[in-house]
Amino acid sequence: MHVTVKHPHVAHQAGISVAMQNLDFSYGSTPALKDINLDIPDKGVTAFIGPSGCGKSTLLRCINRMNDEIPGARITRGSIRINGINIYDPSVDVVKLRRDVGMIFQKSNPFPRSIYENVAYGLRLRGVRDIPVLDQAVEEALQASALWDEVKDRLQESALGLSGGQQQRLCIARTIAVKPTIILMDEPCSALDPIATAKVEELIWGLKADFTIVIVTHSMQQAARVSEKTAFFYMGTLVEADDTSKIFSNPSVKKTEEYISGRFG
């Protein structure tokens with residue numbers, strides 16, 4: 001991870017990208033997350049599931065400190081470490097952290113610029129000016145997001161002219177162009193039709209070889225399709241986390257079974 005710290009790295013477990021320990025989080029005086037202990041494996045897909053308001057999106061936004069933007073929102077106990085570094089240490093550069101931990105939102109948010117400039121945006125921010133370098137990076141990111149063949153002849157057209165599903169894949173291309181190590185996805189398919197959803201899910205499956213992906217989803221079917229690990233949250237607590245196949249076929253906790261079987265939520 002590309003952050004500068006004033007203290008030595010803490011040894012981290014091989015194969016673990018994100019480690020959360022005894023994490024409590026509050027919005028003002030209102031607790032939102034309680035005693036979260038969770039390891040997110042490197043290079044794979046971990047799904048966060050649970051009913052609305054259970055804390056899964058709050059936890060996702062803790063991983064790249066997006067909650068810092070909310071007045072009064074804070075971690076009151078515990079830590080989140082990425083590659084052994086406590087990302088809430090005062091010495092961590094939050095801008096660099098967010099470059100390394102990309103985010104895809106529920107609603108696609110392309111900039112009102114050309115398709116090309118959307119993908120090149122983050123690279124230009126980092127000072128990349130060499131046109132051949134930008135051209136190659138844009139093509140590689142669009143290839144990786146399974147969008148190149150659909151847009152290669154219209155790169156200078158507005159991104160706002162793309163379909164909803166294409167816009168979401170463009171946002172994924174924009175994210176991966178700056179080469180993060182972790183990609184957070186907050187219900188990336190909730191505004192998409194089934195065909196566009198299937199394309200994004202296929203894309204997620206292809207990206208996991210190169211990125212650690214964490215996806216929040218209301219769709220248990222989607223979690224079952226795209227993830228290897230699933231964490232189930234309820235009322236701000238982590239109820240159970242395990243291999244996705246086990247969570248959906250033989251969960252260890254009764255509350256998980258009740259949610260999976262549709263008895264509440």
# chains A, B, ... in the order shown; residues from 1 in each chain; ligands from 1
call {"tool": "select_by_dssp", "arguments": {"residues": "range 25-189 of chain A", "states": "alpha helix (DSSP H)", "output": "VMD selection string"}}
result
chain A and resid 56 to 62 94 to 100 115 to 125 131 to 144 148 to 151 164 to 177
call {"tool": "residues_around", "arguments": {"residues": "range 227-236 of chain A", "least_positions_apart": "2", "cutoff": "6 Å", "atoms": "only C-alpha atoms", "output": "MDAnalysis selection string"}}
result
chainID A and resid 32:34 45:50 54:55 223 238:244
call {"tool": "write_last_selection", "arguments": {"atoms": "C-alpha atoms", "output": "compact mmCIF listing (two decimals), in the first residue's frame"}}
result
# COMPACT_ATOMS: atom_id res chain seq x y z
CA ALA A 32 -23.65 2.09 14.17
CA LEU A 33 -21.10 -0.75 14.37
CA LYS A 34 -20.26 -2.82 17.44
CA VAL A 45 -14.59 -11.17 -3.59
CA THR A 46 -16.12 -10.73 -0.15
CA ALA A 47 -19.84 -9.89 0.07
CA PHE A 48 -21.51 -7.96 2.91
CA ILE A 49 -25.18 -8.91 3.31
CA GLY A 50 -27.89 -8.05 5.81
CA CYS A 54 -27.51 -3.16 9.55
CA GLY A 55 -24.22 -1.28 9.07
CA ALA A 223 -23.71 -12.56 -3.16
CA LEU A 238 -21.22 -9.08 12.50
CA VAL A 239 -23.30 -12.22 13.02
CA GLU A 240 -21.26 -14.62 10.91
CA ALA A 241 -18.56 -14.63 8.23
CA ASP A 242 -17.49 -17.71 6.31
CA ASP A 243 -17.12 -19.23 2.86
CA THR A 244 -20.11 -18.17 0.77
call {"tool": "closest_residue", "arguments": {"among": "A:Ile104, A:Arg65, A:Ser158, A:Gln136", "to": "Val92 in chain A", "atoms": "only C-alpha atoms"}}
result
A:Arg65
call {"tool": "select_by_dssp", "arguments": {"residues": "range 15-237 of chain A", "states": "strand (DSSP E)", "output": "PyMOL selection string"}}
result
chain A and resi 16-27+30-41+44-49+73-82+85-86+101-104+182-186+212-216+229-234+237
call {"tool": "closest_residue", "arguments": {"among": "A:Leu23, A:Ile36, A:Val133, A:Ile213", "to": "Ile75 in chain A", "atoms": "only C-alpha atoms"}}
result
A:Leu23
call {"tool": "residues_around", "arguments": {"residues": "Met103 in chain A", "least_positions_apart": "2", "cutoff": "8 Å", "atoms": "only C-alpha atoms", "output": "count of residues only"}}
result
7
call {"tool": "closest_residue", "arguments": {"among": "A:Ser108, A:Gln156, A:Asn250, A:Ser245", "to": "Cys189 in chain A", "atoms": "only C-alpha atoms"}}
result
A:Ser108
call {"tool": "atom_distance", "arguments": {"atom1": "CA of Arg124 in chain A", "atom2": "CA of Arg99 in chain A"}}
result
12.9 Å
call {"tool": "residues_around", "arguments": {"residues": "Arg81 in chain A", "least_positions_apart": "5", "cutoff": "8 Å", "atoms": "only C-alpha atoms", "output": "list of chain:residue names"}}
result
A:Val18, A:Ala19, A:Met20, A:Asn86, A:Ile87
call {"tool": "write_last_selection", "arguments": {"atoms": "N, CA and C atoms", "output": "compact mmCIF listing (two decimals), in the first residue's frame"}}
result
# COMPACT_ATOMS: atom_id res chain seq x y z
N VAL A 18 -7.43 -6.87 4.36
CA VAL A 18 -7.99 -5.92 5.33
C VAL A 18 -8.30 -6.68 6.62
N ALA A 19 -7.82 -6.15 7.74
CA ALA A 19 -8.06 -6.78 9.04
C ALA A 19 -8.75 -5.77 9.96
N MET A 20 -9.96 -6.12 10.41
CA MET A 20 -10.70 -5.26 11.34
C MET A 20 -10.69 -5.92 12.71
N ASN A 86 -2.44 0.61 10.14
CA ASN A 86 -3.69 1.15 10.69
C ASN A 86 -4.06 2.39 9.88
N ILE A 87 -5.13 2.28 9.08
CA ILE A 87 -5.46 3.38 8.16
C ILE A 87 -6.02 4.60 8.87
call {"tool": "atom_distance", "arguments": {"atom1": "CA of Ile80 in chain A", "atom2": "CA of Val94 in chain A"}}
result
13.6 Å
call {"tool": "closest_residue", "arguments": {"among": "A:Glu258, A:Glu201, A:Glu117, A:Asp210", "to": "Pro188 in chain A", "atoms": "only C-alpha atoms"}}
result
A:Glu201
call {"tool": "residues_around", "arguments": {"residues": "range 161-170 of chain A", "least_positions_apart": "2", "cutoff": "10 Å", "atoms": "only C-alpha atoms", "output": "PyMOL selection string"}}
result
chain A and resi 104-112+114-116+118-119+141-142+144-148+150-151+157-159+172-176+188-189+191-200+203
call {"tool": "atom_distance", "arguments": {"atom1": "CA of Lys255 in chain A", "atom2": "CA of Val216 in chain A"}}
result
18.9 Å
